[in-house]
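Colleague: Contents of query_6.cif (mmCIF, C-alpha atoms):
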```cif
data_model
loop_
_atom_site.label_atom_id
_atom_site.label_comp_id
_atom_site.auth_asym_id
_atom_site.auth_seq_id
_atom_site.Cartn_x
_atom_site.Cartn_y
_atom_site.Cartn_z
CA MET A 81 101.72 128.69 -27.64
CA ARG A 82 100.07 131.67 -25.96
CA ASN A 83 103.49 132.85 -24.74
CA THR A 84 104.86 132.56 -28.27
CA MET A 85 102.00 134.68 -29.61
CA LYS A 86 102.58 137.26 -26.90
CA GLY A 87 106.30 137.30 -27.73
CA HIS A 88 105.53 137.88 -31.41
CA TRP A 89 103.11 140.67 -30.53
CA ASN A 90 105.71 142.36 -28.31
CA LYS A 91 108.30 142.13 -31.07
CA CYS A 92 105.87 143.60 -33.57
CA ARG A 93 105.06 146.45 -31.19
CA LYS A 94 108.75 147.23 -30.72
CA ALA A 95 109.34 147.07 -34.47
CA MET A 96 106.39 149.39 -35.12
CA GLY A 97 107.68 151.82 -32.46
CA ALA A 98 111.11 151.84 -34.04
CA LEU A 99 109.51 152.34 -37.43
CA LEU A 100 107.48 155.31 -36.20
CA ILE A 101 110.51 156.95 -34.60
CA PHE A 102 112.56 156.32 -37.70
CA SER A 103 109.88 157.80 -39.96
CA PHE A 104 109.66 160.85 -37.71
CA SER A 105 113.44 161.36 -37.70
CA HIS A 106 113.51 160.78 -41.46
CA PHE A 107 110.89 163.49 -41.87
CA LEU A 108 112.89 165.81 -39.57
CA ILE A 109 116.05 165.32 -41.59
CA LEU A 110 114.25 166.10 -44.80
CA SER A 111 112.52 169.11 -43.24
CA CYS A 112 115.68 170.77 -41.92
CA GLU A 113 117.01 172.88 -44.73
CA GLY A 114 118.56 176.32 -44.61
CA ILE A 115 119.04 178.66 -47.52
CA ASP A 116 122.69 178.24 -48.44
CA CYS A 117 123.26 181.05 -50.90
CA THR A 118 126.61 182.74 -51.48
CA LEU A 119 126.60 185.96 -49.47
CA ASP A 120 129.18 187.76 -51.61
CA ASN A 121 127.18 187.44 -54.81
CA VAL A 122 128.21 190.54 -56.74
CA VAL A 123 129.48 189.81 -60.23
CA ALA A 124 131.52 192.70 -61.65
CA MET A 125 134.50 193.12 -63.92
CA LYS A 126 137.48 194.64 -62.14
CA ILE A 127 139.83 196.96 -64.01
CA GLY A 128 143.10 197.97 -62.37
CA PHE A 129 145.40 200.87 -63.29
CA TYR A 130 149.19 200.41 -63.29
CA ASN A 131 152.26 202.39 -64.17
CA SER A 132 153.64 200.90 -67.36
CA GLU A 133 157.28 201.30 -66.25
CA SER A 134 157.23 200.35 -62.60
CA LYS A 135 154.22 197.97 -62.94
CA VAL A 136 152.97 199.39 -59.65
CA ALA A 137 149.29 200.10 -59.08
CA VAL A 138 148.46 203.78 -59.48
CA SER A 139 145.61 205.89 -58.22
CA ILE A 140 143.71 208.05 -60.71
CA THR A 141 143.32 211.54 -59.24
CA ASP A 142 141.20 212.80 -62.13
CA ALA A 143 137.44 212.36 -62.06
CA VAL A 144 136.55 209.11 -63.82
CA ASP A 145 133.28 208.59 -65.69
CA VAL A 146 132.34 205.33 -67.35
CA THR A 147 129.53 205.04 -69.86
CA ALA A 148 128.53 202.03 -71.94
CA GLU A 149 127.10 201.62 -75.39
CA GLY A 150 123.56 200.30 -75.34
CA THR A 151 122.48 201.80 -72.04
CA ASP A 152 121.75 205.27 -70.75
CA SER A 153 123.02 204.36 -67.30
CA LEU A 154 126.24 205.91 -66.11
CA LEU A 155 128.33 203.03 -64.82
CA LEU A 156 130.66 205.30 -62.86
CA ASN A 157 130.13 208.96 -62.05
CA GLN A 158 132.94 211.38 -61.20
CA GLU A 159 134.84 208.85 -59.13
CA ARG A 160 138.19 210.14 -57.81
CA ASN A 161 141.32 208.48 -56.41
CA VAL A 162 140.48 205.10 -57.85
CA GLN A 163 142.96 202.26 -58.30
CA THR A 164 140.41 199.75 -59.54
CA LEU A 165 137.02 200.01 -61.17
CA SER A 166 134.23 197.48 -60.57
CA LEU A 167 131.91 197.57 -63.54
CA PRO A 168 128.83 195.53 -64.42
CA MET A 169 128.75 193.60 -67.68
CA SER A 170 125.82 193.08 -69.98
CA TYR A 171 123.95 189.79 -69.61
CA TRP A 172 123.26 189.00 -73.23
CA GLN A 173 125.61 191.06 -75.48
CA GLU A 174 128.67 189.35 -76.95
CA ALA A 175 130.73 192.51 -76.51
CA ASP A 176 130.53 195.54 -74.24
CA THR A 177 131.83 198.90 -75.39
CA LEU A 178 132.87 201.09 -72.48
CA ARG A 179 134.07 204.67 -72.57
CA LEU A 180 136.40 205.61 -69.72
CA GLN A 181 136.67 209.37 -69.40
CA PHE A 182 139.25 211.12 -67.22
CA SER A 183 138.59 214.81 -66.56
CA GLY A 184 140.10 217.51 -64.40
CA SER A 185 141.81 220.84 -64.60
CA ASP A 186 145.49 221.78 -64.81
CA GLU A 187 147.44 224.18 -62.56
CA GLU A 188 146.35 227.15 -64.67
CA GLY A 189 142.71 226.23 -64.23
CA ASN A 190 142.13 224.94 -67.75
CA SER A 191 139.87 221.93 -67.77
CA TYR A 192 140.71 218.84 -69.80
CA ALA A 193 139.10 215.49 -70.61
CA TYR A 194 140.67 212.40 -72.09
CA HIS A 195 139.12 209.05 -72.82
CA ILE A 196 139.82 205.45 -73.71
CA VAL A 197 137.22 203.26 -75.42
CA LEU A 198 137.33 199.58 -74.54
CA ARG A 199 135.59 196.85 -76.48
CA ILE A 200 135.40 193.76 -74.31
CA ASN A 201 134.57 190.56 -76.19
CA LYS A 202 133.06 187.88 -73.97
CA THR A 203 130.81 184.91 -73.55
CA ASN A 204 128.02 184.89 -70.95
CA LEU A 205 127.17 181.97 -68.72
CA PRO A 206 124.07 182.00 -66.49
CA HIS A 207 124.82 180.63 -63.06
CA PHE A 208 122.50 179.22 -60.40
CA GLU A 209 123.15 177.51 -57.08
CA SER A 210 119.72 176.54 -55.88
CA PRO A 211 116.12 177.51 -56.60
CA ASP A 212 116.27 179.61 -53.40
CA CYS A 213 119.23 181.71 -54.55
CA PRO A 214 119.24 184.53 -57.09
CA THR A 215 120.42 183.65 -60.58
CA VAL A 216 123.46 185.57 -61.78
CA MET A 217 125.44 185.89 -65.00
CA PHE A 218 129.11 184.94 -65.16
CA HIS A 219 131.30 186.05 -68.06
CA GLU A 220 134.43 184.84 -69.80
CA ILE A 221 136.45 187.59 -71.44
CA SER A 222 137.93 186.36 -74.70
CA SER A 223 139.76 189.53 -75.80
CA ILE A 224 139.90 193.30 -75.48
CA ASP A 225 140.20 195.84 -78.28
CA TYR A 226 140.73 199.47 -77.43
CA ASP A 227 140.78 202.91 -78.98
CA ASP A 228 143.14 205.31 -77.21
CA PRO A 229 143.27 208.62 -79.16
CA TYR A 230 145.24 210.41 -76.40
CA LYS A 231 147.82 207.62 -76.05
CA LEU A 232 147.13 207.28 -72.33
CA ALA A 233 147.71 203.56 -72.16
CA ASP A 234 150.87 201.66 -72.96
CA SER A 235 148.99 198.38 -73.02
CA ILE A 236 145.72 196.83 -71.84
CA VAL A 237 145.73 193.14 -70.97
CA VAL A 238 143.28 190.52 -69.74
CA ASP A 239 144.66 189.17 -66.48
CA ASN A 240 141.80 186.91 -65.30
CA PRO A 241 139.28 186.18 -68.04
CA THR A 242 136.64 184.76 -65.70
CA VAL A 243 134.24 187.28 -64.21
CA ASN A 244 132.42 185.67 -61.29
CA TYR A 245 132.13 185.92 -57.50
CA ALA A 246 135.90 185.66 -57.09
CA SER A 247 136.49 189.45 -57.23
CA LEU A 248 139.82 189.04 -58.98
CA GLU A 249 141.24 191.77 -61.16
CA ASN A 250 140.21 190.92 -64.69
CA VAL A 251 141.80 193.67 -66.77
CA LYS A 252 145.00 195.66 -66.24
CA ILE A 253 145.52 199.05 -67.88
CA TYR A 254 149.17 200.07 -67.97
CA LEU A 255 149.27 203.87 -68.14
CA ARG A 256 152.19 205.68 -69.70
CA GLY A 257 154.68 207.54 -67.46
CA SER A 258 153.01 209.89 -65.04
CA ALA A 259 149.53 209.55 -66.41
CA ASP A 260 148.17 209.54 -62.86
CA MET B 5 120.19 173.00 -33.08
CA HIS B 6 118.07 171.12 -35.60
CA HIS B 7 120.85 168.66 -36.26
CA SER B 8 121.39 167.79 -32.55
CA ARG B 9 117.66 167.20 -32.06
CA THR B 10 117.50 165.08 -35.21
CA SER B 11 120.48 162.96 -34.13
CA ARG B 12 118.80 162.43 -30.71
CA TYR B 13 115.75 160.92 -32.46
CA ILE B 14 117.95 158.78 -34.67
CA CYS B 15 119.85 157.46 -31.62
CA ALA B 16 116.55 156.65 -29.91
CA ALA B 17 115.39 154.73 -32.98
CA VAL B 18 118.64 152.75 -33.17
CA LEU B 19 118.57 151.95 -29.43
CA ILE B 20 114.97 150.71 -29.55
CA SER B 21 115.81 148.53 -32.53
CA LEU B 22 118.84 147.10 -30.76
CA SER B 23 116.82 146.40 -27.63
CA CYS B 24 114.28 144.62 -29.82
CA LEU B 25 116.99 142.31 -31.09
CA THR B 26 118.92 141.80 -27.87
CA GLY B 27 115.67 141.23 -25.97
CA SER B 28 114.74 138.38 -28.21
CA ALA B 29 118.31 137.11 -27.99
CA ARG B 30 118.04 136.90 -24.18
CA GLU B 31 115.03 134.63 -24.48
CA LYS B 32 117.03 131.82 -26.01
CA GLU B 33 120.39 130.60 -24.88
CA ALA B 34 120.68 127.52 -27.12
CA PRO B 35 123.66 126.85 -29.44
CA ILE B 36 123.25 128.65 -32.74
CA PRO B 37 122.76 126.33 -35.70
CA LYS B 38 124.40 127.25 -39.00
CA ALA B 39 122.07 128.47 -41.72
CA PRO B 40 122.33 126.86 -45.20
CA LEU B 41 124.59 128.50 -47.78
CA PHE B 42 121.71 129.77 -49.89
CA CYS B 43 118.74 130.85 -47.80
CA GLY B 44 116.67 132.31 -50.60
CA ALA B 45 115.92 135.67 -52.10
CA ALA B 46 113.64 138.61 -51.45
CA VAL B 47 112.09 141.53 -53.25
CA PHE B 48 111.15 144.73 -51.52
CA ALA B 49 109.61 148.15 -52.02
CA ASP B 50 110.30 151.39 -50.18
CA LEU B 51 107.20 152.76 -48.44
CA SER B 52 108.65 156.15 -47.56
CA GLY B 53 108.75 157.37 -51.19
CA PRO B 54 104.97 157.31 -51.82
CA VAL B 55 104.44 158.95 -48.40
CA MET B 56 106.87 161.74 -49.31
CA LYS B 57 105.07 162.19 -52.62
CA ALA B 58 101.68 162.29 -50.87
CA VAL B 59 102.74 164.95 -48.37
CA GLY B 60 104.35 167.08 -51.10
CA ALA B 61 107.98 166.78 -50.01
CA ARG B 62 110.63 168.69 -51.94
CA PHE B 63 111.65 165.45 -53.59
CA ASP B 64 110.51 161.86 -53.54
CA GLN B 65 111.33 158.50 -55.02
CA LEU B 66 109.69 155.23 -55.92
CA GLU B 67 112.11 152.43 -55.20
CA VAL B 68 112.15 148.65 -55.44
CA GLY B 69 114.94 146.16 -54.99
CA ALA B 70 115.97 142.55 -54.77
CA ARG B 71 118.49 140.65 -52.72
CA LEU B 72 119.90 137.21 -52.15
CA ASN B 73 120.46 135.61 -48.79
CA PHE B 74 123.59 133.58 -48.04
CA ARG B 75 123.93 131.95 -44.61
CA ASP B 76 121.35 134.43 -43.29
CA HIS B 77 124.27 136.89 -42.95
CA TYR B 78 125.33 138.03 -46.42
CA PHE B 79 122.79 139.84 -48.59
CA PRO B 80 124.01 140.98 -52.02
CA ILE B 81 121.51 143.64 -52.99
CA CYS B 82 120.43 145.75 -55.93
CA GLU B 83 118.00 148.64 -55.81
CA LEU B 84 116.48 150.74 -58.53
CA GLY B 85 114.08 153.60 -58.44
CA ILE B 86 112.83 156.81 -59.97
CA GLY B 87 113.60 160.06 -58.17
CA GLU B 88 111.69 163.25 -58.79
CA SER B 89 111.90 166.84 -57.65
CA ASN B 90 109.77 169.83 -58.56
CA ARG B 91 111.05 172.67 -56.48
CA GLU B 92 110.17 176.34 -56.43
CA GLY B 93 112.38 178.93 -54.72
CA ARG B 94 111.15 180.00 -51.30
CA GLU B 95 111.72 183.70 -51.92
CA ASN B 96 111.50 183.87 -55.71
CA ASN B 97 109.88 182.12 -58.65
CA ASN B 98 112.83 179.97 -59.67
CA GLN B 99 111.92 176.44 -60.71
CA PHE B 100 113.95 173.25 -60.63
CA HIS B 101 112.75 170.00 -62.12
CA THR B 102 114.16 166.55 -62.64
CA ARG B 103 112.80 163.02 -62.88
CA ALA B 104 115.16 160.16 -63.56
CA PRO B 105 116.03 156.57 -62.65
CA TYR B 106 118.84 155.58 -60.32
CA TYR B 107 120.58 152.34 -59.40
CA ARG B 108 122.39 150.95 -56.39
CA VAL B 109 124.36 147.76 -55.85
CA GLY B 110 125.98 146.57 -52.68
CA MET B 111 125.74 144.19 -49.79
CA ASP B 112 124.10 144.05 -46.37
CA TYR B 113 125.50 142.05 -43.50
CA ASN B 114 123.25 140.73 -40.73
CA ILE B 115 125.07 141.10 -37.43
CA ASN B 116 122.41 139.26 -35.43
CA ARG B 117 123.93 135.82 -34.91
CA LYS B 118 120.61 134.17 -34.09
CA HIS B 119 118.37 133.09 -36.93
CA ASN B 120 115.19 134.18 -35.22
CA GLY B 121 113.65 136.26 -37.99
CA ASN B 122 115.02 139.58 -36.68
CA ARG B 123 117.97 141.08 -38.46
CA LEU B 124 120.23 143.98 -37.65
CA MET B 125 121.85 144.98 -40.88
CA VAL B 126 124.86 147.05 -41.77
CA GLY B 127 125.57 147.63 -45.42
CA LEU B 128 127.50 149.36 -48.11
CA ARG B 129 126.17 150.40 -51.51
CA TYR B 130 127.36 152.18 -54.62
CA GLY B 131 124.71 154.36 -56.22
CA PHE B 132 124.72 155.77 -59.71
CA THR B 133 122.48 157.97 -61.82
CA GLY B 134 122.66 159.83 -65.11
CA PHE B 135 119.91 162.38 -65.54
CA LYS B 136 118.69 165.62 -67.08
CA TYR B 137 117.46 168.62 -65.14
CA ASP B 138 115.71 171.91 -65.89
CA PHE B 139 116.10 175.29 -64.26
CA SER B 140 114.16 178.46 -64.95
CA ASP B 141 114.06 181.96 -63.51
CA PRO B 142 111.19 183.94 -65.08
CA GLU B 143 112.35 187.21 -63.51
CA PHE B 144 115.97 187.03 -64.60
CA ALA B 145 116.78 190.37 -66.24
CA ASP B 146 119.79 192.56 -66.89
CA PRO B 147 119.55 195.50 -64.45
CA VAL B 148 121.73 197.82 -66.57
CA TRP B 149 121.26 196.83 -70.22
CA THR B 150 117.49 196.58 -69.97
CA SER B 151 116.62 196.05 -73.62
CA GLY B 152 116.29 192.23 -73.53
CA THR B 153 113.21 190.23 -72.56
CA PRO B 154 113.37 189.04 -68.96
CA GLY B 155 113.44 185.35 -68.21
CA LEU B 156 115.86 182.46 -68.28
CA SER B 157 115.03 178.87 -69.05
CA MET B 158 117.59 176.09 -69.28
CA LYS B 159 116.32 172.64 -70.15
CA ASN B 160 117.80 169.17 -70.41
CA MET B 161 121.07 169.93 -68.68
CA LYS B 162 122.96 166.67 -68.20
CA ALA B 163 124.52 165.34 -65.03
CA LYS B 164 126.03 162.08 -63.80
CA THR B 165 126.59 161.27 -60.15
CA GLY B 166 128.05 158.33 -58.27
CA TRP B 167 127.98 157.94 -54.50
CA LEU B 168 128.67 155.55 -51.66
CA GLU B 169 126.14 154.69 -48.97
CA ALA B 170 126.82 153.24 -45.53
CA SER B 171 123.65 151.96 -43.91
CA ILE B 172 122.40 150.57 -40.63
CA GLY B 173 118.94 149.20 -40.13
CA CYS B 174 116.83 146.38 -38.87
CA GLU B 175 113.98 144.21 -40.03
CA THR B 176 111.56 141.77 -38.53
CA LYS B 177 109.19 139.12 -39.75
CA LEU B 178 105.59 140.30 -39.78
CA TRP B 179 103.86 137.25 -41.14
CA SER B 180 104.98 134.18 -43.08
CA PHE B 181 107.05 135.53 -45.96
CA ILE B 182 106.36 139.23 -45.27
CA ARG B 183 108.93 141.33 -43.45
CA LEU B 184 109.19 144.98 -42.50
CA GLY B 185 112.46 146.83 -42.14
CA TRP B 186 114.00 150.23 -42.15
CA ASN B 187 117.45 151.58 -42.57
CA PHE B 188 119.28 154.83 -42.07
CA ARG B 189 121.94 155.81 -44.56
CA PHE B 190 124.89 158.14 -44.76
CA LYS B 191 125.61 159.03 -48.38
CA MET B 192 128.89 160.37 -49.63
CA ARG B 193 129.21 161.72 -53.16
CA LEU B 194 132.15 160.22 -55.05
CA HIS B 195 131.92 161.95 -58.40
CA GLN B 196 129.65 164.30 -60.28
CA SER B 197 129.62 165.93 -63.66
CA ALA B 198 127.07 168.67 -64.22
CA ASN B 199 126.30 171.57 -66.49
CA ALA B 200 128.68 174.53 -66.18
CA SER B 201 125.76 176.79 -65.28
CA GLY B 202 125.08 175.05 -62.02
CA GLU B 203 124.80 171.76 -60.20
CA PRO B 204 121.39 170.12 -59.81
CA TYR B 205 119.49 170.93 -56.64
CA TYR B 206 118.49 167.28 -56.28
CA THR B 207 120.15 164.08 -57.41
CA PRO B 208 117.79 161.10 -57.89
CA GLY B 209 118.58 158.38 -55.35
CA PHE B 210 121.06 160.57 -53.50
CA GLY B 211 118.89 163.41 -52.23
CA LYS B 212 119.65 167.08 -51.91
CA ASN B 213 122.85 167.66 -53.80
CA GLY B 214 126.02 168.15 -51.80
CA SER B 215 129.19 166.35 -50.81
CA SER B 216 127.25 164.22 -48.32
CA THR B 217 123.73 163.74 -47.03
CA PHE B 218 121.52 161.43 -44.98
CA GLY B 219 118.62 159.29 -46.06
CA GLY B 220 116.78 156.11 -45.38
CA THR B 221 114.11 153.70 -46.49
CA VAL B 222 111.22 151.85 -44.93
CA ASN B 223 110.99 148.56 -46.75
CA LEU B 224 108.19 146.05 -47.11
CA ILE B 225 110.03 142.84 -47.91
CA PHE B 226 108.71 139.67 -49.50
CA ASP B 227 110.79 136.55 -49.17
CA VAL B 228 110.60 134.54 -52.37
CA GLY B 229 111.73 131.08 -53.38
CA LYS B 230 113.52 129.05 -50.77
CA THR B 231 112.79 131.28 -47.80
CA ILE B 232 109.04 130.76 -48.03
CA LYS B 233 109.74 127.39 -46.53
CA LYS B 234 111.29 127.52 -43.11
CA THR B 235 115.00 126.88 -42.95
CA LYS B 236 116.33 124.13 -40.72
CA ALA B 237 117.68 126.71 -38.34
CA GLU B 238 114.30 128.41 -37.95
CA ILE B 239 112.61 125.10 -37.21
CA VAL B 240 115.23 124.32 -34.52
CA ASN B 241 114.81 127.79 -33.01
CA GLU B 242 111.04 127.51 -32.90
CA VAL B 243 111.22 124.12 -31.20
CA ILE B 244 113.61 125.54 -28.60
CA SER B 245 111.45 128.58 -27.92
CA GLU B 246 108.30 126.48 -27.54
CA LYS B 247 110.08 124.32 -24.96
#
```
Turn the structure described in the file into C-alpha cells.
Modeller:
Amino acid sequence: MRNTMKGHWNKCRKAMGALLIFSFSHFLILSCEGIDCTLDNVVAMKIGFYNSESKVAVSITDAVDVTAEGTDSLLLNQERNVQTLSLPMSYWQEADTLRLQFSGSDEEGNSYAYHIVLRINKTNLPHFESPDCPTVMFHEISSIDYDDPYKLADSIVVDNPTVNYASLENVKIYLRGSAD
Amino acid sequence: MHHSRTSRYICAAVLISLSCLTGSAREKEAPIPKAPLFCGAAVFADLSGPVMKAVGARFDQLEVGARLNFRDHYFPICELGIGESNREGRENNNQFHTRAPYYRVGMDYNINRKHNGNRLMVGLRYGFTGFKYDFSDPEFADPVWTSGTPGLSMKNMKAKTGWLEASIGCETKLWSFIRLGWNFRFKMRLHQSANASGEPYYTPGFGKNGSSTFGGTVNLIFDVGKTIKKTKAEIVNEVISEK
C-alpha cells in the first residue's frame, strides 16, 4: 500500500515536472516574435516613357518637373535622363491631377517648355500587415484622362492598375517620333 | 537561435513525459486486458488561457472541451473557446483588436497500451473560426497632400479561417475522476478569407496569423459518467500492482 502511494507520488512529481517544462516552453514560443515588416515598403506610381513607333523605352533628356493639384510640393524637380518616374499618389483623393513639364533649350539657345496634364482616376485602399508595421495606402487606377496641348504623346495607357509594393510600371506614355 | 533553444525545451518535456509512461509500464509485465468499448466521457478546461490573460500576453483564450472514450484508445473530441487579442504596435501607436469564438473537432489516440491511468496522446483536429477585427493607426497621414485629418480606423472587418492541428501530449490521473494533461500542437492554416486591407494579426484558436504556428494547452480534465467508476481493466491492473 505504502509502495503504491509512493509510486503515485513519483508519477505526480514527474507529471508536474513535465507540466512545468511544457508551460515554460509554451511561454518561450509565445514570447519569441520578430518584427516581420516588408522592407521594400515604398508605394509609388511608376510612369514609363516609350517611343510610339518602336515601342522601345526612351530616356527624357529635357529637365522634367512634376507638380500636383492640391499640394504645394514639387513631386519631381528638374530630373534629367529619366526613363521612368516614381510618383506618390494622394491617400484620400479620388483623382490626382499631375502636370508633367519638360523644359530645355534648343541648339540656338532658345529655351522651351512643354507639358502634359494627367488626371488619374483611382480608388484608395489602406493596407496593414501587423500592428508593428507602418500602415500604407495602395491604389487601383481605374482610368487616365490627359490634356496634351503640344501633342507630345501618341497615347497614354494604364499597364498595371495596382499601385502597391510590387514596383511594376503602372502607366506607359508613348511619345511621338523623336520626342526624346 | 530562439527557435533551437525552444525546441530543446520541447524535446526535454516530451522525453520526461515518455519516461513517465514507460517507467510505469516497466513496473507491470502482466497481460493487457481489453478495455470496454465505451469507457465514458470527460470535460476539460484549458488552464494556460487564464494564465496568459493574467500575465498580459499578446493574445489569450478561454477554452473548454468534451470528449468520449472508446476502448481507452480512441477519443473523439470537440473544443470551443473565445480568443482575444488587444495588441499595440511596438514602435508606433497602431492598435489591433479582436475577440471571437472558435471551434475544433477531431480525435485523440492513446498510444499507451496499458490502462494504468497515464495516457500518451497523439491527435488531429480541424479548427474553424469566423470573426471580426479592428485596426487603427491614429498617426496615419498623407505626407504630400496634407490637407486631410490624420488617422485611420477600420472596424468590423470580417475574416474566416480554417486550420488543421496535429498534437502530441500526455495526461495522468491526479485523484479519482480528476486528471491533468498537456499537449503541444502544430497548426497549419488550410484556408482564410480576410479583408482586402490586411489579414488579422491574430486568429482566435489558431494564434498569431500565418501559414503555420505552434501552440498547446494545459488541461484540467474531469471524467464524467461511466469513468467515475473504475473500469474492469483498471481494477485488474490495481490488483496486479498491489501483488
Colleague: Kindly resolve the PyMOL selection byres ((chain A and resi 253) around 6) on the present coordinates and return the residues as a count of residues only.
Modeller: 4
Colleague: Report as CSV the residues of segment 144-197 of chain B within 12 Å of segment 50-74 of chain B, each with its shortest atom pair and distance in Å (one decimal), using all atoms listed in the file, ordered by chain and increasing residue number.
Modeller:
```
residue,atom,partner,partner_atom,distance
B:Leu184,CA,B:Leu51,CA,10.0
B:Gly185,CA,B:Asp50,CA,9.5
B:Trp186,CA,B:Asp50,CA,8.9
B:Asn187,CA,B:Asp50,CA,10.4
```
Colleague: Can you tell me, as a PDB file with C-alpha atoms, in the coordinates of the input, which residues sit within 7 Å of (127.6, 138.8, -48.1) in the file's frame, using all atoms listed in the file?
Modeller:
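Result went into part_16.pdb, see below:
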```
ATOM      1  CA  PHE B  74     123.590 133.580 -48.040  1.00  0.00           C
ATOM      2  CA  HIS B  77     124.270 136.890 -42.950  1.00  0.00           C
ATOM      3  CA  TYR B  78     125.330 138.030 -46.420  1.00  0.00           C
ATOM      4  CA  PHE B  79     122.790 139.840 -48.590  1.00  0.00           C
ATOM      5  CA  PRO B  80     124.010 140.980 -52.020  1.00  0.00           C
ATOM      6  CA  MET B 111     125.740 144.190 -49.790  1.00  0.00           C
ATOM      7  CA  ASP B 112     124.100 144.050 -46.370  1.00  0.00           C
ATOM      8  CA  TYR B 113     125.500 142.050 -43.500  1.00  0.00           C
TER       9      TYR B 113
END
```
Colleague: Report as a list of chain:residue names the residues that result from applying the PyMOL selection byres ((chain B and resi 152) around 12) to the structure here.
Modeller: A:Gly150, A:Thr151, A:Ser170, A:Tyr171, A:Trp172, A:Gln173, B:Glu143, B:Phe144, B:Ala145, B:Asp146, B:Pro147, B:Val148, B:Trp149, B:Thr150, B:Ser151, B:Thr153, B:Pro154, B:Gly155, B:Leu156
Colleague: Please report the interatomic distance between atom CA of Met161 of chain B and atom CA of Ser140 of chain B in Å with one decimal.
Modeller: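 About the pair atom CA of Met161 of chain B and atom CA of Ser140 of chain B: they are 11.6 Å apart.
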Colleague: List, as a list in words, every residue that the PyMOL selection byres ((chain A and resi 180) around 10) selects in the file provided.
Modeller: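 For this structure, the PyMOL selection byres ((chain A and resi 180) around 10) captures Val144, Asp145, Val146, Thr147, Ala148, Leu155, Leu156, Thr177, Leu178, Arg179, Gln181, Phe182, Ser183, Tyr194, His195, Ile196, Val197 and Leu198 of chain A.
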Colleague: Just the number, please: distance in Å from atom CA of Trp167 of chain B to atom CA of Ile81 of chain B, one decimal.
Modeller: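 Rounded to one decimal, the two atoms are 15.8 Å apart.
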Colleague: For chain B, which residue out of A:Lys202, A:Arg256, A:His219, A:Lys135 is the nearest one, using all atoms listed in the file?
Modeller: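 The shortest atom-to-atom distance to chain B comes from A:His219.
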Colleague: Find, counting all atoms listed in the file, the residue in B:Thr165, B:Lys159, B:Arg123, B:Val47 that gets nearest to Ser197 of chain B.
Modeller: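 Residue with the minimum atom-to-atom distance to Ser197 of chain B: B:Thr165.
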Colleague: Using all atoms listed in the file, which of the listed residues (A:Val238, A:Ala193, A:Leu154, A:Val136) sits closest to chain B?
Modeller: A:Leu154
Colleague: Check the smallest atom-to-atom distance from each of A:Asp234, A:Glu209, A:Asp142, A:Asp225 to chain B using only C-alpha atoms, then report the winner.
Modeller: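 Closest candidate: A:Glu209.
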Colleague: Could you state the separation of atom CA of Lys38 of chain B and atom CA of Leu224 of chain B in Å, given to one decimal place?
Modeller: 26.1 Å
Colleague: Measuring atom to atom with only C-alpha atoms, identify which of B:Ser216, B:Asn114, B:Thr207, B:Asn122 is nearest to His101 of chain B.
Modeller: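 Of all the options, B:Thr207 lies closest to His101 of chain B.
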Colleague: Let me make sure I understand: among B:Arg94, B:His195, B:Lys162, B:Arg75, which one has the smallest atom-to-atom distance to chain A if we use all atoms listed in the file?
Modeller: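 Of B:Arg94, B:His195, B:Lys162, B:Arg75, the one nearest chain A, counting all atoms listed in the file, is B:Arg94.
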Colleague: May I have the residues within 7 Å of Ala198 of chain B as number ranges by chain, using only C-alpha atoms and disregarding those fewer than 5 positions away in the same chain?
Modeller: B: 162-164, 203
Colleague: Output the selection as a compact mmCIF listing (two decimals), in the coordinates of the input - C-alpha atoms for each residue.
Modeller:
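Output (part19.txt):
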```
# COMPACT_ATOMS: atom_id res chain seq x y z
CA LYS B 162 122.96 166.67 -68.20
CA ALA B 163 124.52 165.34 -65.03
CA LYS B 164 126.03 162.08 -63.80
CA GLU B 203 124.80 171.76 -60.20
```
Colleague: Could you name the residues that touch Met217 of chain A at 7 Å or less, counting all atoms listed in the file, but leaving out those on the same chain fewer than 4 positions away, as a CSV table (one decimal) with C-alpha atoms, in the frame of the given file?
Modeller:
```csv
chain,number,residue,atom,x,y,z
A,171,TYR,CA,124.0,189.8,-69.6
A,204,ASN,CA,128.0,184.9,-71.0
A,205,LEU,CA,127.2,182.0,-68.7
A,206,PRO,CA,124.1,182.0,-66.5
A,207,HIS,CA,124.8,180.6,-63.1
```
